[in-house]
Each structure stands twice: as C-alpha cells, then as structure tokens.
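Below: the structure, in structure tokens.
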Amino acid sequence: MNQPTSNGVSRRTFLAAGAGAVLIVGIAAAAKRFRIFASAADAEAGRLNAWVMIDADGSVVITTHRAEMGQGAYSVVPQIVAEELDVDYDSVRIVVADGDNDRYGNQVTGGSSTVRSGINALLVAGATARDLLVRAAAEQWAVPAEQCRAERGVVYHDASKRSAPYGALVAVAASLKPNDKPPLKAKAQYKVIGQSVKRRDIPSKVNGSATYGIDFRLPGMRFAVVERSPRFEGRVKSFDASKAKAVPGVTDVVKVERDVFGHAREGVAVVATSTWAAMQGRKVLTVEWDDSGIAAVDSVALRSRLQQATQESGLEHKAQGNLTAALGADALDVLYETPYQAHACMEPLNCTAHVTTDRAEIWGPIQGPDWVRSHLAAALKLPMDKVTVHMTMLGGGFGRKAFMDYPHEAAMLSRAIGTPVQVVWTREDDLTAGPFRPGMTYRCRGDVTDGRVSGLEVVMAGQNMDRQEPTSKATANANVVEGLPEQWMSRIPAWRFADVHVPTPVPVMWWRSVYSSTNAFAFESFFDELARAANADPLDFRKANLDDARVSALLDRLAEVSGWRDRKPGAGYGMSLTYCFESYAAHVVKVARAAGGGVRIEKVWTVLDCGLAVNPDTIKSQIEGSIVMALGAAITHEMTFVDGRAAASNFDRYPMPKLADVPPIEAHVMASDAAPGGAGEPALPGVAPALANAIFDLTGRRHRAMLIPVSGV
Amino acid sequence: MPIAFSVNGTPRESGDAPETPLLWVLRDTLGLTGTKYGCGIAQCGACTVHIDGQAQRSCAVPVSTVQGKDVVTIEALSADPRGKALQEAWVAHQVPQCGYCQSGFLMAATDLLKATPQPTDAQIERALTNICRCGTQPRMKAAIRDAAAAIAGGAA
C-alpha cells in the first residue's frame, strides 16, 4: 500500500525506488534466523521481518510494524531500532508494515505491548545491522572488527583515523553472514532510548494530511452504510430497498454479514457514490428483523442479576489458605458495581475493501493487521499471500479496532458488489453495536488483623469475554486478578478469586486496560475500606502490606509529588495502587466541596513505574489520556440497555469530557532500568477508585457503584 | 444548478443536493479529507471549518447556504498567522494523540484567538467545546496559551 507516513514514504515506494544495494536485516518470527538480501526484490520475495533498510546513499529506513493510534508506535519502534543501529534518529525515514505475522511476529497493537513485548527483537534487529556494517568496514580496512566502532551512521577506526558512512559499507555488509547474537549496548550507553524525541506522526495531524481509514480513497470506490440489527442478534426477515434505490447516488442495496465472535450477524448495506447519499438511502430503507429467541437485555434487570450472581461461589480461578478462619465476624462484605462502556473512538469504525475472485486488499484503522489477514484468508477462502491488509492511521482504537467484524463486513460487501467499497459506521452505529466493555459486579469480603489484610475473597459477576464464541468452554475467568499487584498474593494468608459468567446478547470485549478497568475499582476501593477499618493511612497501609522495594519507592514518590504527608484528614485526598500490563501506577485524587453543592475534582497526581521509559514525554501523554478516559468512565459514561438495545446513540447522550471538564493533571514517570512495562493503559484503572476514596475522605460517603457523582472540576 | 463557493481561496462548484452537509461535499466531492466526520449532529466539532472567517461545524451546514462564501479548511490553516502559530505550538507541546479531532480544535482555536487574542483559561474552556477522546485537553490549553503569547510577541 502507499500509506503515507509523515515523510510521505511508503514501504513499497521505498523499495521500488531503492536502486542499488539495499541491506535488509530482519528477524524471521518463526525461524528466528537472520538473512541478508542484496536487492529489494529479494526482500519482497523473502519471508522475513525486516525492520532495517539502508540504501547505497546511506538513507536509513526503519519499518514500524505496530498500529499508530496516538500512543506513538510509529516513533517508538524506530527509536528502539535506531538506538542499536547507532544512527541519528531525526534522519531516519519510517515506513509502515502491512499485516504479516511471518515477517514481524504478533502485530496486534493491544495490551500495551508494543515496547514491552517487542523491545528485545527490535534491539537485536538494530544491533545486527550495526554489527554487519562494522565488520564490513573492518574487512575493507583489514583491521580487527573490535577496533572499529559505529556512531551516528558512520563506522570509525580511530587508530588509523579512517571512517566510512553506512551507505558506503552496505554492499560489503550485505555479503557477510549476520551474527544472530550481536553485542548489545548497556542501558547506560543509550542515547536515543530515554529521550523524549518528537513523534513522527504529529506534523501530519496538525495540517489535515494524516490519512485515517475514513480518508482512504481508491479510484471507482463506492461508499456504504449498513443497517444492522438494533438487538445485536437479530436476523434479516425481509427488507424493502425500493425507496433507497431511488435516492440519487445509491447503486446497490444488499444483505451483508459480519463475524462477531464466531457468529454471523446480518445487516443490509446501502451502497452509493458518496457517504451522504448512502446515508440518505439508508433513511428510507425498511428492514424487518426477526428477533425471535433473543433475550431483550435490560440494564435494570441485569443489575439485579449481577448482584445476585455475586452471592454464588462461582467458578474458582484460584485460592489459598483457610478463608473461613481468616474472615472474622466483623469482616467487610460489600459489592462494587461498574457500568458497560463504549469505546467511542473519535474516528468511527470504517474499512475499505477491494475483493476480487482471486485476491483481497484491505485498508483501514486496524489494530491487528496480521489477525485481519488470517481471518479474511479463511473467510474468503483465499491463500494468505492473496490477502493484503494495510494499516492506515487510527483515530482512536482502545481495543475496539482489534476485532474482525468491520473488515469482515467490508470484504464481504466488496465481493458482493464487485467494486472497491468503504463501509462507514455512523456515530450511532459505532456507539450502539458494541462490543462494549462489560459492566462487572464484585462481591469483596475481607478482614484485617494488626494492620495486615488477613483474608480476601473476590467473586466477580458479569460477561466473560472469552465465553462468547459458539465453541467457548465454561472455564473460570483468570482475568479476575487483573489489576492487582501480585505481591498481595504472597502477603495475604488466605484468598479466593472466582467468577460467575452472566451471558447476555450484548457483545463485549477489550476496552482500554480490559478487566483491570473494572477490577481495580473493586480492589482499590476495598483496600481503602480495609485500611480505614484498620485505622491506617491508606498509602502506608499498602506500603506495609506489600512490603516491596519497588512499590515503596513508587508510593513514596507519589506522596512527595502530591503532598500526601502534609494533608489534613478529611481534606479530600484518595489514592490507589494498581498493576496492569507489567507496570505499576499510583494515583492521588484531591476533591473539594463544590460551590453549588456536591464535590469537584481539584487535581490528579499520577506516578507510573513502567520500567525502562523509551520516550518519557509520550508516556506522560498516555498517562494524561488514561486519566481523562478513566474520569469519563467513572463520572459520566454508562452504556445502558433498554428493551434489548443500547440506549445512548450519539455524543448528546454519551457526552465526552470537554476542556472545562478536565482537572489539572500532574503526570510523573519513574526512572527505572527494569524491563519495560506497558504505557498506554496502566494509568487508567486506578483513577476511579482514587476518586471514590477521595470522596469518602471528604464526605464519609462511600461510592461503591459507578457512576460516581461529581459536579465539576 | 451547481453551488459555487470558494474553498481555501480556490473557486469550487458542488453539484451535490443542496441539503448535503458541507462536510461531505468537502470530503467526498472535493477530496479535502482533513475535515473529519465525528458525530453528524454538531456535538464533537471534528468537522469545524471557517465560513467567511467564522468557525462552524460543517456537518450541520447545508452546502446550499455557503453559496458565494469563503470556506477555509485545515489544509489551508497555515496561511492564517494565528493558525500557523497554533500549529507550531501544537507540535511543540506534542498535543495530538490519535489526532482525529485535532483539525477541528485547531480551526476553533484559531477563531478564538481572532476574537480574543489573549484568552484566559476560562475563555478557552468556554470557547472550545469540541470533543477529544484521547485526553489531549491539558496540552491543548497550554499550547493555546503559548500560541497567543507567540503571536503577541511577534506583533510587538
């Protein structure tokens, strides 16, 4: 594809233009071996993960294989490779990979995984290329390679004062056998990693030139909108297209399917020469739905069901110790409730597909291009090498754009009508179709003895995301412990974690920070309640119970930046500590009484320990974004269901925080040499409980159910 | 009869139905995709453009009403010194995350600085009612303050 990057170069354009010797180094995901290619054609024919290319004029091009949805993947992947390659980061050109699991390994941009699960391979990719270039120079100069060094795109032999730029060494380097265990730098030597280098995608995002999925255009492309079942599982009984087809611009009205967790869901597509014409055609389309056998989910009834379900013992994930003995007569026994949430990405779902009899090409805001590729190869019965999936820029993702349904639907529609087509979901479609974050309810029982948690039982009730497919097994939900710092497991003598799966017709799935986003509200509210029961300072209570140097350092920093130790009791401070995707996050929220009644948020302080911080400023952006999204979820956003349908269909009924709704935020990143953890999500789960804990501190009122009433900032 | 108006200084014509929102004419007919569709009900502001110098949400503006008017979109914002200063401040503060809403915010912020060259935080919050899902609001406020200062400095 020719997905433009900030410098307007695509992978294909570069390869096509890359005359002369091209050095390509990659890591084959399956074979884990390295190969060198002397030409661009070889590279394209090969089955490698290729991150590094250096052409004869010395231009360095680094491929990014993960999706850019605002978290900095287009910048942080090259930043890591550039470190070991030893090139000037600002001079590097960046290209975006298509979906290719064999070449790049897992490309699903989720679970805050781009750095934490990718860094080792990316460092090795850079180092292997550098090692080849150094050895090429040594060979040319007939000196030992150990006497040569690389710096900013040049190899030096200091003793003889000789030097050669990478471009001049490429031809020789390409003929050498790569070392698959190249020497790696010590962290203290890092010059690019750890720097807040500017993001490469940002210039294109201030002048309108960034191409999102919805901006993609092909010659002869049609636009389509789809009427889908308002009750999620409805089947098309009949439809009348006569009026729709009379709308100027409308070309086709056809039934189309999409895959939702292994279930075929039906819709009727209105295809036209423009998006607006398709929307007008849809307004006069009539579809009769067959809803027989579908439970009409209702949020009021569902809430009672979830509350009751928490009283069951549930499917046990794990347990230890004698819980009955550990929980005394005065043990706390409370429920926490969290609502369903929509992802509400600013770019509504969309996908462009061009499917012919023997191949398929897809362009869209896609978090998992390799997944989409293998899914569509199977769905369209095409060989994998006939399916190409291109990532455009993503206008938000948050988990929603990791699913197959919208590319599946676009591909099926293109095949049905025989032209390229862009399916655009209206805001109403996007908000009401799901999958949603499931609303989970938790029964927490616990006790404290001498300031220590002596017993803890958590029974989580709600939809298990992993039990939606026709083939799903009735297993316990291991994600019931997500969000909990694992030190609790060795410090609490007796505990038990279980879940009760309460199925509904509502599709549910990953929403930024996944189960942590709801679990942490229960855990961190409950630990606050236990700390109060033990007459302990909530922050010191966690410090003492967890007894862990890394956690203590984080909490001390939090106390320092937030003024925790100087606060007055009852002044409206609440805190939390969570662990999500291998990072620790600690928050303090400060609330005060609002002039017109109620409480308002004065400030949020967050300290994140995500281990090695590759780009601290980008991480701070992610902290800020996580806090704003978490506050919306805690205070404002609740997707309710009435008569089987999602009730809020647009931003008038699902209002996003405006500038005036965002409190002052202070984000800090711990300096650390620990292995990198996630950055895009871990600062989200702890915000809601810190807010609830702050309100308790101020008012003595414990909010155990979101939404939490806040009157302003 | 086609509707004639100017877009970014160039005369353009639209043969779309008169009630078609300007947003879709810009995006689908004229190929200017920097102006974004976010909600279609003038709630989010992602589609904000300038019509005769005023910020408006183009999803709620029928194209027939811009006959003879001057429309400016994000693609030409840098020609406005305020817009350019804001774009530079946006980069300096690394404001955008996903970036989808940012065109609209920049168009709205430019309009704000025209009417109120040195806005207070309260004025910024009142004027910019656009929606951002990524949580770039704190950086936007800082960038607007910096841009306002830069413009004042340049003028002095």
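If you're wondering about the labels, chains in the structure tokens are A, B, ... by order shown, residues count from 1 in each chain, ligands from 1 in order shown.
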Q: Tell me which protein, DNA and RNA residues are within 12 Å of Asp450 in chain A, counting only C-alpha atoms, leaving out same-chain ones fewer than 6 positions away, and put them as number ranges by chain.
A: A: 530-531, 533-536, 541, 544-545
Would you kindly report the residues of chain A within 6 Å of chain B, using only C-alpha atoms, as a CSV table (one decimal) with C-alpha atoms, in the first residue's frame?
```csv
chain,number,residue,atom,x,y,z
A,69,MET,CA,-3.5,5.2,17.3
A,70,GLY,CA,-2.0,8.1,19.2
A,205,LYS,CA,-2.0,15.7,12.4
A,206,VAL,CA,-2.0,19.5,12.6
A,207,ASN,CA,-2.4,20.2,8.9
A,208,GLY,CA,-5.0,17.7,7.9
A,215,ASP,CA,-9.9,9.3,4.5
A,346,MET,CA,-13.3,9.7,17.6
A,395,GLY,CA,-8.5,7.8,15.0
A,396,GLY,CA,-8.5,6.0,18.4
A,427,ARG,CA,-21.6,7.6,15.1
A,625,GLY,CA,-5.1,10.4,28.3
A,628,VAL,CA,-9.2,11.7,31.2
A,658,LYS,CA,-14.8,18.9,27.3
A,659,LEU,CA,-11.9,21.2,28.1
A,660,ALA,CA,-13.8,22.5,31.0
```
Q: In Å, rounded to a single decimal, give me how far CA of Leu394 in chain A is from CA of Trp425 in chain A.
A: 14.4 Å
Q | alpha helix (DSSP H) per DSSP on the backbone: members of range 358-533 of chain A, as a count of residues only | A | 54
Q: Please measure the separation of CA of Val453 in chain A and CA of Leu315 in chain A, giving the value in Å to one decimal.
A: 23.4 Å
Q: Using DSSP on the backbone coordinates, identify the residues of chain B assigned to strand (DSSP E); present them as JSON, numbers by chain.
A: {"B": [3, 4, 5, 6, 7, 10, 11, 12, 13, 14, 48, 49, 50, 51, 54, 55, 56, 57, 70, 71, 72]}
Q) Which polymer residues have any atom within 8 Å of an atom of Leu684 in chain A, counting only C-alpha atoms, with same-chain residues fewer than 5 positions away left out, as JSON, numbers by chain? A) {"A": [512, 513, 517, 623, 626, 627, 629, 630]}
Write a file of the selected residues as a PDB file, in the first residue's frame, keeping N, CA and C atoms.
```pdb
ATOM      1  N   ARG A 512      -9.815  -0.268  26.771  1.00  0.00           N
ATOM      2  CA  ARG A 512      -8.537   0.181  27.358  1.00  0.00           C
ATOM      3  C   ARG A 512      -8.312  -0.292  28.804  1.00  0.00           C
ATOM      4  N   SER A 513      -7.326  -1.131  28.972  1.00  0.00           N
ATOM      5  CA  SER A 513      -6.885  -1.772  30.229  1.00  0.00           C
ATOM      6  C   SER A 513      -7.753  -2.970  30.621  1.00  0.00           C
ATOM      7  N   SER A 517      -9.736  -2.346  34.237  1.00  0.00           N
ATOM      8  CA  SER A 517     -10.510  -1.104  34.298  1.00  0.00           C
ATOM      9  C   SER A 517     -11.689  -1.215  35.239  1.00  0.00           C
ATOM     10  N   ILE A 623      -0.403   8.827  30.059  1.00  0.00           N
ATOM     11  CA  ILE A 623      -0.949   8.944  31.421  1.00  0.00           C
ATOM     12  C   ILE A 623      -2.093   9.957  31.435  1.00  0.00           C
ATOM     13  N   SER A 626      -5.077   8.508  29.746  1.00  0.00           N
ATOM     14  CA  SER A 626      -5.698   7.456  30.555  1.00  0.00           C
ATOM     15  C   SER A 626      -6.550   8.060  31.666  1.00  0.00           C
ATOM     16  N   ILE A 627      -6.039   9.137  32.266  1.00  0.00           N
ATOM     17  CA  ILE A 627      -6.777   9.770  33.361  1.00  0.00           C
ATOM     18  C   ILE A 627      -8.090  10.367  32.838  1.00  0.00           C
ATOM     19  N   MET A 629      -9.791   9.543  30.159  1.00  0.00           N
ATOM     20  CA  MET A 629     -10.724   8.480  29.764  1.00  0.00           C
ATOM     21  C   MET A 629     -11.317   7.815  31.003  1.00  0.00           C
ATOM     22  N   ALA A 630     -10.479   7.622  32.033  1.00  0.00           N
ATOM     23  CA  ALA A 630     -10.955   6.984  33.267  1.00  0.00           C
ATOM     24  C   ALA A 630     -11.981   7.863  33.975  1.00  0.00           C
TER      25      ALA A 630
END
```
